[in-house]
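Right, one structure below, let's go through it.
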Amino acid sequence: TKKPGYVRLPVSRHYFNGSSGWKWGWHWSPPPGFPFPLPSYYPGRPPPSSLSTVTRPPSSTVAQATRLTPPSPTAFTIRRRDQTDRRWGWQHLEDLGGIAYILQLDIGTPPQKIKVFIDTGSYELWVNPRCNTSADATLCQSYGNYFPNKSNSSSFVGGDFAVTYGTGAVKGSYWSDIMSIAMFQIPAVQFAVANDSNYTFSGILGLGYSYPYSINYPSVLDLMVSQKLISAPIFSLGLGGDQDGFSEIIFGGINRWKFAGPLEPVAIWPPISQQDPNWIQYWVNVTSVGMTKPGQAPVIYTPRDTFTMPTLIDTGSTLSYIREDLVAQIGQQFQATIDAAGNYIVDCAWRNNTGPGTVDFGFNRGRMVISVRYKDFIYQQYPGHCMLGVQPADVGSTNYVLGDTFIRGAYRGFLSSLFVSVGCVFASVGFVFDQQSDVVWMNQYYNCGDGVVSVGQTTRDTQYVVGAC
């Protein structure tokens, strides 16, 4: 019996400097093993995780990040990818069947090529899964390994790294080395090198809130800023629509040619002050859920003035997970059936629908609505077997997630830590996550060209970026 090619994995939070108690919570992982040996757990039914610790390196061995004062305001400058005078960097991403997005890193001297998953739901970089205990040894080996003893610029930092997932685990120690990423070369990047793992077949580049919240050393983005490679810790990540070949990451800017008009500010919710300071996440408040069928007016399934649903935007989750009553309403529109594990199964013909049918997610009481076309929303587990892009969250849980089935239909970005752009030709949105002001900026996606405008020179300068479409 085939199992889903994805899984949500609970991961323990870490001891932070060995103080307080366990810091743990949910993290939704990329699909370990897809489309190869698949996990035994179904979405929405992850097993309890065993907790594990991370012993942080001594503070004397950890370079501390510096909070920089933004430079004086300057006019936005349009820059093409082939220009050398820029404050941003671009790199293509590999798309693993539309459910995981992979970035190549060059680490060490001489450089060693490593491929890692992009994950906005975690905050650290680690490499070197153990391939002979992974979900697929061949795929794992194709992603490369990093050997510190083969690099003339490697340095052992020390400290133990350990994370336990519901269907896998990894442990190792901290090293630092020179790293090339998105046309930038960054010295002394700290990351974890695994010495043992199971199930997972790729390392992970976590791009969530990091220093000084979750880790006590500077992240890749912190180092880009401190070395003035970019103006602020900003990157854009394009997870293309189904089979459109558009997947990219841009550090330090916004692509104005992918939306029209100004960006809409949506506050991170719950506010940063109300989240666990050691595990800050990119939560936003969804204020409506509905659908627009081809040739029909939009229908909203939630109360217009009172509905709230704080939801995590996570590139590491294949599907989205929301309230079961809303999943049932959406499923009825697709004539979904429910299998023995509680998954909503739909006819794959919906993916081939050429009309402008969308599933709609609203923010700021309708001032911004993100519409995801059916083709991007319906997940094809394997040929002839498709699942609804949203599945019920765990019973009693409010850990709601907008995963890749939402992100593929969106142009999204995280400012001052994370900028993600997700593109398709129809029905997408722009998000800019601003850690300085704790605001997520959004706009609908269009495709009218290609180019990048720099942001981060001043706090909240994203509000002055106007789409060119």
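We label chains A, B, ... in the order they appear in the structure tokens, count residues from 1 in each chain, and number ligands from 1 in the order shown.
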
Taking 4 positions as the minimum chain separation for residues in the same chain, which residues sit within 6 Å of stretch 254-263 of chain A when counting only C-alpha atoms? Answer as an mmCIF file with N, CA, C and O atoms, in the first residue's frame.
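Full text of result33.cif as output:
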```cif
data_model
loop_
_atom_site.group_PDB
_atom_site.id
_atom_site.type_symbol
_atom_site.label_atom_id
_atom_site.label_comp_id
_atom_site.auth_asym_id
_atom_site.auth_seq_id
_atom_site.Cartn_x
_atom_site.Cartn_y
_atom_site.Cartn_z
ATOM 1 N N TRP A 441 4.508 41.817 4.575
ATOM 2 C CA TRP A 441 3.956 42.587 3.470
ATOM 3 C C TRP A 441 3.516 41.622 2.372
ATOM 4 O O TRP A 441 4.229 40.680 2.046
ATOM 5 N N MET A 442 2.352 41.861 1.776
ATOM 6 C CA MET A 442 1.803 40.934 0.789
ATOM 7 C C MET A 442 1.299 41.663 -0.445
ATOM 8 O O MET A 442 0.898 42.826 -0.368
ATOM 9 N N ASN A 443 1.283 40.958 -1.549
ATOM 10 C CA ASN A 443 0.608 41.413 -2.757
ATOM 11 C C ASN A 443 0.396 40.231 -3.680
ATOM 12 O O ASN A 443 1.097 39.217 -3.575
ATOM 13 N N GLN A 444 -0.583 40.351 -4.558
ATOM 14 C CA GLN A 444 -0.878 39.299 -5.537
ATOM 15 C C GLN A 444 0.216 39.256 -6.593
ATOM 16 O O GLN A 444 0.811 40.277 -6.933
ATOM 17 N N TYR A 445 0.489 38.070 -7.119
ATOM 18 C CA TYR A 445 1.571 37.869 -8.080
ATOM 19 C C TYR A 445 1.098 38.075 -9.520
ATOM 20 O O TYR A 445 0.020 37.650 -9.899
ATOM 21 N N TYR A 446 1.931 38.777 -10.285
ATOM 22 C CA TYR A 446 1.804 38.832 -11.737
ATOM 23 C C TYR A 446 3.207 38.627 -12.302
ATOM 24 O O TYR A 446 4.200 38.765 -11.590
ATOM 25 N N ASN A 447 3.302 38.348 -13.585
ATOM 26 C CA ASN A 447 4.608 38.137 -14.203
ATOM 27 C C ASN A 447 4.709 39.035 -15.419
ATOM 28 O O ASN A 447 4.180 38.738 -16.479
ATOM 29 N N CYS A 448 5.393 40.187 -15.245
ATOM 30 C CA CYS A 448 5.497 41.146 -16.344
ATOM 31 C C CYS A 448 6.946 41.444 -16.698
ATOM 32 O O CYS A 448 7.245 42.441 -17.351
ATOM 33 N N GLY A 449 7.859 40.599 -16.260
ATOM 34 C CA GLY A 449 9.267 40.835 -16.573
ATOM 35 C C GLY A 449 10.161 40.224 -15.520
ATOM 36 O O GLY A 449 9.752 39.332 -14.772
ATOM 37 N N ASP A 450 11.386 40.734 -15.426
ATOM 38 C CA ASP A 450 12.347 40.158 -14.501
ATOM 39 C C ASP A 450 13.332 41.228 -14.081
ATOM 40 O O ASP A 450 13.882 41.931 -14.913
ATOM 41 N N GLY A 451 13.554 41.351 -12.797
ATOM 42 C CA GLY A 451 14.507 42.320 -12.264
ATOM 43 C C GLY A 451 14.342 42.416 -10.762
ATOM 44 O O GLY A 451 13.381 41.931 -10.196
ATOM 45 N N VAL A 452 15.292 43.079 -10.110
ATOM 46 C CA VAL A 452 15.318 43.125 -8.653
ATOM 47 C C VAL A 452 15.533 44.555 -8.190
ATOM 48 O O VAL A 452 16.300 45.301 -8.789
ATOM 49 N N VAL A 453 14.832 44.942 -7.127
ATOM 50 C CA VAL A 453 15.057 46.223 -6.480
ATOM 51 C C VAL A 453 15.573 45.953 -5.071
ATOM 52 O O VAL A 453 15.070 45.065 -4.371
ATOM 53 N N VAL A 466 6.818 49.737 -5.163
ATOM 54 C CA VAL A 466 5.578 49.613 -5.903
ATOM 55 C C VAL A 466 5.812 48.651 -7.057
ATOM 56 O O VAL A 466 6.787 48.784 -7.812
ATOM 57 N N GLY A 467 4.928 47.665 -7.193
ATOM 58 C CA GLY A 467 5.071 46.691 -8.258
ATOM 59 C C GLY A 467 5.036 47.334 -9.629
ATOM 60 O O GLY A 467 4.324 48.319 -9.860
ATOM 61 N N ALA A 468 5.797 46.780 -10.568
ATOM 62 C CA ALA A 468 5.932 47.357 -11.903
ATOM 63 C C ALA A 468 4.899 46.849 -12.894
ATOM 64 O O ALA A 468 4.824 47.341 -14.006
ATOM 65 N N CYS A 469 4.104 45.841 -12.514
ATOM 66 C CA CYS A 469 3.160 45.248 -13.476
ATOM 67 C C CYS A 469 1.915 46.129 -13.659
ATOM 68 O O CYS A 469 1.514 46.834 -12.736
#
```

For this session: Write out as number ranges by chain the residues lying within 8 Å of A:Ser214, counting only C-alpha atoms and excluding same-chain residues fewer than 3 positions away.
Result: A: 16, 123, 209-211, 277-280

Exercise. How would you write, as a PyMOL selection string, the set of residues in stretch 91-280 of chain A that DSSP gives as strand (DSSP E)?
Worked result: chain A and resi 91-92+94-95+101-107+112-119+125-127+155-165+168-181+184-198+203-206+235-239+247-251+253-254+260-262+264-267

For this session: Could you tell me how far atom CA of A:Thr462 lies from atom CA of A:Phe377, in Å and to one decimal?
Result: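 Separation between atom CA of A:Thr462 and atom CA of A:Phe377: 28.4 Å.
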
Problem set entry | All residues 9 Å or closer to A:Pro294, only C-alpha atoms, same chain fewer than 2 positions away omitted, as a PyMOL selection string | chain A and resi 292+296-297+354-358

Exercise. Quick one: of A:Phe156, A:Trp90, A:Tyr282, A:Trp269, who's nearest to A:Gly253, counting only C-alpha atoms?
Worked result: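 Residue with the minimum atom-to-atom distance to A:Gly253: A:Trp90.
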
Exercise. So which residues touch A:Trp283 within 8 Å, counting only C-alpha atoms, skipping near sequence neighbours fewer than 3 positions away, as an MDAnalysis selection string?
Worked result: chainID A and resid 268:270 310:313

Exercise. When you draw a straight line from atom CA of A:Phe251 to atom CA of A:Gly89, how long is it in Å?
Worked result: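 Interatomic distance, atom CA of A:Phe251 to atom CA of A:Gly89: 5.2 Å.
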
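If you look at atom CA of A:Thr138 and atom CA of A:Asp376, they are 28.3 Å away from each other.
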
List as a short mmCIF file (atom, residue, chain, number, x, y, z; two decimals) with N, CA and C atoms, in the first residue's frame the protein and nucleic acid residues near A:Val286, meaning an atom at most 12 Å away when only C-alpha atoms are counted, but skip any in the same chain fewer than 2 places from it.
```cif
data_model
loop_
_atom_site.label_atom_id
_atom_site.label_comp_id
_atom_site.auth_asym_id
_atom_site.auth_seq_id
_atom_site.Cartn_x
_atom_site.Cartn_y
_atom_site.Cartn_z
N VAL A 266 0.77 43.08 6.84
CA VAL A 266 0.03 42.14 7.69
C VAL A 266 0.92 41.83 8.89
N ALA A 267 0.43 42.14 10.08
CA ALA A 267 1.25 41.95 11.28
C ALA A 267 1.49 40.47 11.54
N ILE A 268 2.71 40.13 11.99
CA ILE A 268 2.98 38.78 12.48
C ILE A 268 2.09 38.54 13.70
N TRP A 269 1.40 37.40 13.71
CA TRP A 269 0.43 37.15 14.77
C TRP A 269 0.41 35.67 15.14
N PRO A 270 0.58 35.30 16.42
CA PRO A 270 0.71 36.18 17.57
C PRO A 270 1.96 37.06 17.47
N TRP A 283 4.25 33.39 11.98
CA TRP A 283 2.81 33.22 12.05
C TRP A 283 2.12 34.46 11.49
N VAL A 284 1.04 34.26 10.74
CA VAL A 284 0.19 35.35 10.29
C VAL A 284 -1.25 34.98 10.57
N SER A 288 -9.92 34.89 6.52
CA SER A 288 -11.01 34.28 5.74
C SER A 288 -10.46 33.12 4.92
N VAL A 289 -11.32 32.15 4.66
CA VAL A 289 -11.01 31.01 3.79
C VAL A 289 -12.20 30.80 2.88
N GLY A 290 -11.94 30.62 1.59
CA GLY A 290 -13.04 30.42 0.65
C GLY A 290 -12.56 29.86 -0.66
N THR A 302 -16.04 31.47 6.05
CA THR A 302 -15.78 31.90 7.42
C THR A 302 -16.51 33.21 7.71
N PRO A 303 -16.79 33.53 8.98
CA PRO A 303 -17.41 34.81 9.33
C PRO A 303 -16.54 35.98 8.85
N ARG A 304 -17.15 36.95 8.21
CA ARG A 304 -16.38 38.03 7.59
C ARG A 304 -15.67 38.93 8.59
N ASP A 305 -16.27 39.15 9.75
CA ASP A 305 -15.75 40.17 10.66
C ASP A 305 -15.11 39.62 11.93
N THR A 306 -15.23 38.33 12.17
CA THR A 306 -14.76 37.79 13.44
C THR A 306 -13.78 36.63 13.32
N PHE A 307 -13.60 36.07 12.14
CA PHE A 307 -12.77 34.87 12.00
C PHE A 307 -11.30 35.20 12.17
N THR A 308 -10.60 34.38 12.95
CA THR A 308 -9.14 34.49 13.10
C THR A 308 -8.55 33.09 13.10
N MET A 309 -7.39 32.93 12.48
CA MET A 309 -6.70 31.64 12.45
C MET A 309 -5.20 31.87 12.28
N PRO A 310 -4.47 32.09 13.40
CA PRO A 310 -3.02 32.22 13.30
C PRO A 310 -2.41 30.99 12.63
N THR A 311 -1.61 31.21 11.59
CA THR A 311 -1.13 30.12 10.75
C THR A 311 0.33 30.34 10.39
N LEU A 312 1.10 29.27 10.48
CA LEU A 312 2.53 29.33 10.16
C LEU A 312 2.75 29.13 8.67
N ILE A 313 3.56 29.99 8.06
CA ILE A 313 3.94 29.82 6.66
C ILE A 313 5.27 29.07 6.63
N ILE A 322 -5.17 23.01 8.30
CA ILE A 322 -6.04 24.00 8.92
C ILE A 322 -7.18 23.28 9.65
N ARG A 323 -8.17 24.05 10.10
CA ARG A 323 -9.29 23.47 10.84
C ARG A 323 -10.03 22.43 10.01
N ASP A 360 -8.99 30.36 -1.84
CA ASP A 360 -8.65 31.74 -1.46
C ASP A 360 -8.42 31.85 0.05
N PHE A 361 -7.34 32.54 0.41
CA PHE A 361 -7.00 32.80 1.81
C PHE A 361 -6.90 34.32 2.00
N GLY A 362 -7.71 34.86 2.92
CA GLY A 362 -7.76 36.30 3.12
C GLY A 362 -7.00 36.75 4.36
N PHE A 363 -6.52 37.99 4.30
CA PHE A 363 -5.79 38.61 5.39
C PHE A 363 -6.28 40.05 5.55
N ASN A 364 -6.13 40.59 6.75
CA ASN A 364 -6.55 41.98 7.02
C ASN A 364 -7.99 42.24 6.60
N ARG A 365 -8.88 41.31 6.99
CA ARG A 365 -10.30 41.46 6.72
C ARG A 365 -10.60 41.73 5.26
N GLY A 366 -9.91 40.99 4.39
CA GLY A 366 -10.20 41.05 2.97
C GLY A 366 -9.42 42.07 2.19
N ARG A 367 -8.58 42.85 2.87
CA ARG A 367 -7.77 43.83 2.11
C ARG A 367 -6.72 43.13 1.25
N MET A 368 -6.40 41.89 1.60
CA MET A 368 -5.48 41.09 0.78
C MET A 368 -6.00 39.67 0.75
N VAL A 369 -6.22 39.14 -0.45
CA VAL A 369 -6.68 37.77 -0.63
C VAL A 369 -5.68 37.04 -1.52
N ILE A 370 -5.18 35.90 -1.05
CA ILE A 370 -4.25 35.08 -1.78
C ILE A 370 -5.04 33.96 -2.45
N TYR A 400 -1.72 25.44 12.97
CA TYR A 400 -2.12 25.50 11.57
C TYR A 400 -0.95 25.94 10.70
N VAL A 401 -0.92 25.42 9.47
CA VAL A 401 0.23 25.64 8.60
C VAL A 401 -0.23 25.91 7.17
N LEU A 402 0.40 26.88 6.53
CA LEU A 402 0.29 27.06 5.09
C LEU A 402 1.60 26.59 4.49
#
```

Exercise. Running DSSP on the backbone, which parts of stretch 300-438 of chain A land in alpha helix (DSSP H), as an NGL selection string?
Worked result: :A and (324-333 or 374-377 or 404-407)
